[in-house]
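Just query_19.txt here, compact mmCIF, C-alpha atoms:
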# COMPACT_ATOMS: atom_id res chain seq x y z
CA MET W 1 151.50 -106.78 110.60
CA LEU W 2 152.11 -103.22 109.37
CA GLU W 3 152.16 -101.95 112.97
CA ASP W 4 154.77 -104.59 113.85
CA CYS W 5 156.83 -103.34 110.91
CA LYS W 6 156.68 -99.78 112.27
CA ASN W 7 157.75 -101.04 115.71
CA ALA W 8 160.71 -102.91 114.23
CA LEU W 9 161.77 -99.84 112.27
CA GLU W 10 161.61 -97.74 115.44
CA ARG W 11 163.56 -100.38 117.37
CA TRP W 12 166.30 -101.06 114.81
CA GLY W 13 166.12 -98.04 112.50
CA GLY W 14 169.24 -95.92 112.29
CA VAL W 15 171.41 -98.68 113.74
CA HIS W 16 172.74 -99.79 110.41
CA SER W 17 171.88 -98.50 106.94
CA LEU W 18 171.63 -101.99 105.45
CA ILE W 19 169.07 -103.02 108.06
CA ASP W 20 167.27 -99.70 107.61
CA ARG W 21 166.89 -100.30 103.87
CA TRP W 22 165.73 -103.86 104.50
CA LEU W 23 163.10 -102.75 107.00
CA ASP W 24 161.95 -100.15 104.49
CA GLN W 25 161.64 -102.97 101.93
CA ARG W 26 159.55 -104.85 104.50
CA ARG W 27 157.24 -101.86 104.85
CA SER W 28 156.82 -101.57 101.05
CA LEU W 29 156.16 -105.30 100.87
CA LEU W 30 153.45 -105.03 103.53
CA VAL W 31 151.78 -102.10 101.77
CA SER W 32 151.70 -104.12 98.53
CA PHE W 33 150.42 -107.16 100.44
CA ILE W 34 147.56 -105.16 101.96
CA GLU W 35 146.66 -103.67 98.57
CA LEU W 36 146.59 -107.14 97.00
CA LYS W 37 144.47 -108.52 99.83
CA GLU W 38 142.01 -105.65 99.54
CA ALA W 39 141.79 -106.15 95.76
CA CYS W 40 141.03 -109.85 96.33
CA ASP W 41 138.35 -108.95 98.84
CA VAL W 42 136.68 -106.51 96.43
CA GLU W 43 136.67 -108.58 93.24
CA LEU W 44 139.00 -111.52 92.84
CA GLU W 45 138.42 -111.87 89.09
CA ALA W 46 139.57 -108.27 88.58
CA VAL W 47 142.97 -108.81 90.24
CA SER W 48 145.52 -108.37 87.48
CA LYS W 49 148.65 -110.37 86.87
CA ALA W 50 150.55 -107.05 87.03
CA ARG W 51 149.33 -106.47 90.60
CA ILE W 52 150.31 -110.00 91.62
CA ASP W 53 153.69 -109.56 89.88
CA THR W 54 154.36 -106.30 91.74
CA PHE W 55 153.72 -107.99 95.06
CA SER W 56 155.68 -111.10 94.09
CA GLU W 57 158.69 -109.03 92.98
CA LEU W 58 158.73 -107.12 96.27
CA LEU W 59 158.39 -110.39 98.15
CA MET W 60 161.23 -112.08 96.25
CA ASP W 61 163.47 -109.00 96.58
CA TYR W 62 162.83 -108.89 100.33
CA ILE W 63 163.52 -112.60 100.83
CA SER W 64 166.65 -112.41 98.66
CA ALA W 65 167.98 -109.39 100.54
CA GLY W 66 167.56 -111.29 103.78
CA HIS W 67 169.31 -114.42 102.58
CA PHE W 68 172.10 -112.83 100.58
CA GLU W 69 172.76 -109.52 102.34
CA ILE W 70 171.30 -109.24 105.83
CA TYR W 71 171.77 -112.71 107.33
CA PRO W 72 175.41 -113.00 106.21
CA GLN W 73 176.13 -109.47 107.49
CA LEU W 74 174.63 -110.31 110.87
CA ALA W 75 176.61 -113.54 111.06
CA GLU W 76 179.82 -111.67 110.23
CA GLU W 77 179.10 -109.22 113.02
CA ALA W 78 178.59 -112.03 115.52
CA LYS W 79 181.83 -113.67 114.35
CA ALA W 80 183.66 -110.35 114.74
CA PHE W 81 182.54 -110.26 118.37
CA ASN W 82 183.31 -113.97 118.89
CA ASP W 83 179.68 -114.45 119.87
CA GLU W 84 179.32 -118.22 119.46
CA SER W 85 175.98 -118.37 121.27
CA ALA W 86 174.55 -115.80 118.84
CA LEU W 87 175.76 -117.87 115.90
CA LEU W 88 174.11 -120.97 117.33
CA ILE W 89 170.82 -119.11 117.82
CA ALA W 90 171.12 -117.68 114.30
CA ALA W 91 171.51 -121.17 112.83
CA GLN W 92 168.32 -122.27 114.62
CA LEU W 93 166.39 -119.20 113.48
CA LEU W 94 167.61 -119.51 109.90
CA GLU W 95 166.45 -123.11 109.82
CA ARG W 96 162.98 -121.96 110.85
CA LEU W 97 163.06 -119.20 108.21
CA GLU W 98 163.53 -121.81 105.49
CA MET W 99 159.89 -122.89 105.81
CA SER W 100 158.59 -119.47 104.84
CA THR W 101 161.21 -119.16 102.12
CA ALA W 102 159.94 -122.37 100.56
CA MET W 103 156.38 -121.04 100.81
CA VAL W 104 157.37 -117.78 99.06
CA LEU W 105 159.08 -119.66 96.25
CA GLU W 106 155.98 -121.83 95.81
CA PHE W 107 153.77 -118.73 95.64
CA ASP W 108 156.04 -117.13 93.06
CA GLU W 109 155.95 -120.27 90.95
CA ASP W 110 152.15 -120.58 91.18
CA PHE W 111 151.73 -117.09 89.69
CA ALA W 112 154.83 -116.93 87.45
CA SER W 113 153.18 -117.05 84.04
CA PRO W 114 149.90 -115.64 82.76
CA VAL W 115 148.55 -119.18 82.30
CA ARG W 116 149.55 -120.28 85.82
CA CYS W 117 148.20 -117.04 87.22
CA GLN W 118 144.83 -117.62 85.56
CA GLN W 119 144.76 -121.24 86.71
CA ASN W 120 145.61 -120.33 90.31
CA LEU W 121 143.66 -117.08 90.70
CA VAL W 122 140.88 -118.83 92.60
CA ARG W 123 143.52 -119.95 95.14
CA LEU W 124 144.84 -116.42 95.66
CA PRO W 125 142.74 -115.64 98.79
CA ALA W 126 143.99 -118.85 100.44
CA TRP W 127 147.53 -117.89 99.44
CA ILE W 128 147.04 -114.45 100.99
CA ASP W 129 145.96 -116.04 104.29
CA ARG W 130 148.87 -118.48 104.19
CA LEU W 131 151.36 -115.71 103.40
CA ALA W 132 149.97 -113.52 106.19
CA LYS W 133 150.70 -116.24 108.73
CA GLY W 134 154.07 -117.16 107.24
CA LEU W 135 155.29 -113.58 106.91
CA THR W 136 154.17 -112.68 110.43
CA GLU W 137 156.28 -115.53 111.79
CA ARG W 138 159.15 -114.69 109.43
CA PHE W 139 159.26 -111.05 110.53
CA ALA W 140 159.28 -112.09 114.19
CA LEU W 141 162.17 -114.49 113.55
CA GLU W 142 164.08 -111.86 111.60
CA ASP W 143 163.57 -109.36 114.41
CA GLN W 144 165.04 -111.94 116.79
CA LEU W 145 168.04 -112.30 114.47
CA ILE W 146 168.56 -108.55 114.46
CA ALA W 147 168.19 -108.37 118.23
CA ARG W 148 170.60 -111.20 118.93
CA LEU W 149 173.19 -110.69 116.21
CA HIS W 150 173.23 -106.94 115.79
CA ALA W 151 171.61 -105.03 118.63
CA ALA W 152 173.47 -107.12 121.21
CA HIS W 153 176.71 -105.72 119.81
CA SER W 154 175.65 -102.09 119.60
CA PRO W 155 177.71 -99.63 121.62
CA LYS W 156 174.79 -99.02 124.02
CA GLN W 157 174.50 -102.74 124.83
CA MET W 158 178.23 -103.27 125.21
CA LYS W 159 178.87 -100.52 127.78
CA SER W 160 179.18 -101.88 131.25
CA PRO W 161 176.96 -100.36 133.94
CA ALA W 162 178.61 -97.67 136.03
In structure tokens, how does this file's structure come out?
Amino acid sequence: MLEDCKNALERWGGVHSLIDRWLDQRRSLLVSFIELKEACDVELEAVSKARIDTFSELLMDYISAGHFEIYPQLAEEAKAFNDESALLIAAQLLERLEMSTAMVLEFDEDFASPVRCQQNLVRLPAWIDRLAKGLTERFALEDQLIARLHAAHSPKQMKSPA
């Protein structure tokens, strides 16, 4: 997953500062995810609420940035270029992203309070596996959104062949 993040940053980095910051958030999220997974693998009972909270905050910030900053910006760009097919594809991709958003919100709720965290700690490894799958799919869908709604309108893509 971290390697895919690096590839996405190389592919889209520098194209737009908002996307750059978001991809950097993705990288930070993945680092925190890996650290949490490794802590679970070493000694689950020693995983602190603070560590879970750090990961959960990064996760929620990343998801929120996508929904409230990135996706609307990409849609506006497609509208500016009258790219109706891109908007249709975006609607389909966003619908698929909702599944992982719901999963993230459920995770956040399961570990929101110290009591809930203690009650659900035994389920954390299963959550980590579930999040790994969900986030992998989410990142792939988001990369498709960037490719279709942003990169397709970059000056390099819009130049006609000589």
Closest of W:Trp22, W:Trp127, W:Phe107, W:Phe81 to His67 (chain W) - atom-to-atom distances counting only C-alpha atoms: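 Closest to His67 (chain W), using only C-alpha atoms: W:Trp22.
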Ranking W:Ile34, W:Ala86, W:Ala147, W:Leu74 by minimum distance to Pro125 (chain W) and counting all atoms listed in the file, which one comes first?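 The shortest atom-to-atom distance to Pro125 (chain W) comes from W:Ile34.
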Counting all atoms listed in the file, write as a VMD selection string all protein and nucleic acid residues lying at most 7 Å from (164.2, -107.6, 105.3) in the file's frame. chain W and resid 22 to 23 25 to 26 62 to 63 65 to 66
Of W:Asp110, W:Asp143, W:Asp24, W:Asp41, the one sitting nearest Asp61 (chain W) when using only C-alpha atoms is W:Asp24
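Coordinates place CA of Glu98 (chain W) at a distance of 27.6 Å from CA of Glu38 (chain W).
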Residue list as a ChimeraX atom specification for point (170.2, -115.8, 111.0), cut-off 12 Å, only C-alpha atoms: /W:66-78,86-98,138-150
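Across the model, the gap from CA of Leu29 (chain W) to CA of Met60 (chain W) is 9.6 Å.
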Grab all the atoms of region 56-61 of chain W that the file lists, wrap them in a box along x, y and z, add 8 Å per side, and give me centre plus edge lengths in Å (one decimal) as AutoDock Vina command-line options.
--center_x 159.6 --center_y -109.6 --center_z 95.6 --size_x 23.8 --size_y 21.0 --size_z 21.2
Find, counting all atoms listed in the file, the residue in W:Leu121, W:Ala112, W:Leu105, W:Ala80 that gets nearest to Glu45 (chain W). W:Leu121
Counting only C-alpha atoms, what is within 7 Å of Lys49 (chain W), bar same-chain residues fewer than 2 positions away, as a list in words?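 Close residues of Lys49 (chain W): Val47, Arg51, Ile52, Asp53, Pro114 and Cys117 of chain W.
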Check the smallest atom-to-atom distance from each of W:Lys133, W:Lys79, W:His16, W:Arg123 to Leu44 (chain W) using only C-alpha atoms, then report the winner.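 Distance minimum relative to Leu44 (chain W) lands on W:Arg123.
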For CA of Leu135 (chain W) and CA of Ser100 (chain W), quote the distance in Å rounded to one decimal. 7.1 Å
Select, from W:Val104, W:Val31, W:Leu18, W:Cys40, the residue with the minimum atom-to-atom distance to Ala126 (chain W), counting all atoms listed in the file.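 Residue with the minimum atom-to-atom distance to Ala126 (chain W): W:Cys40.
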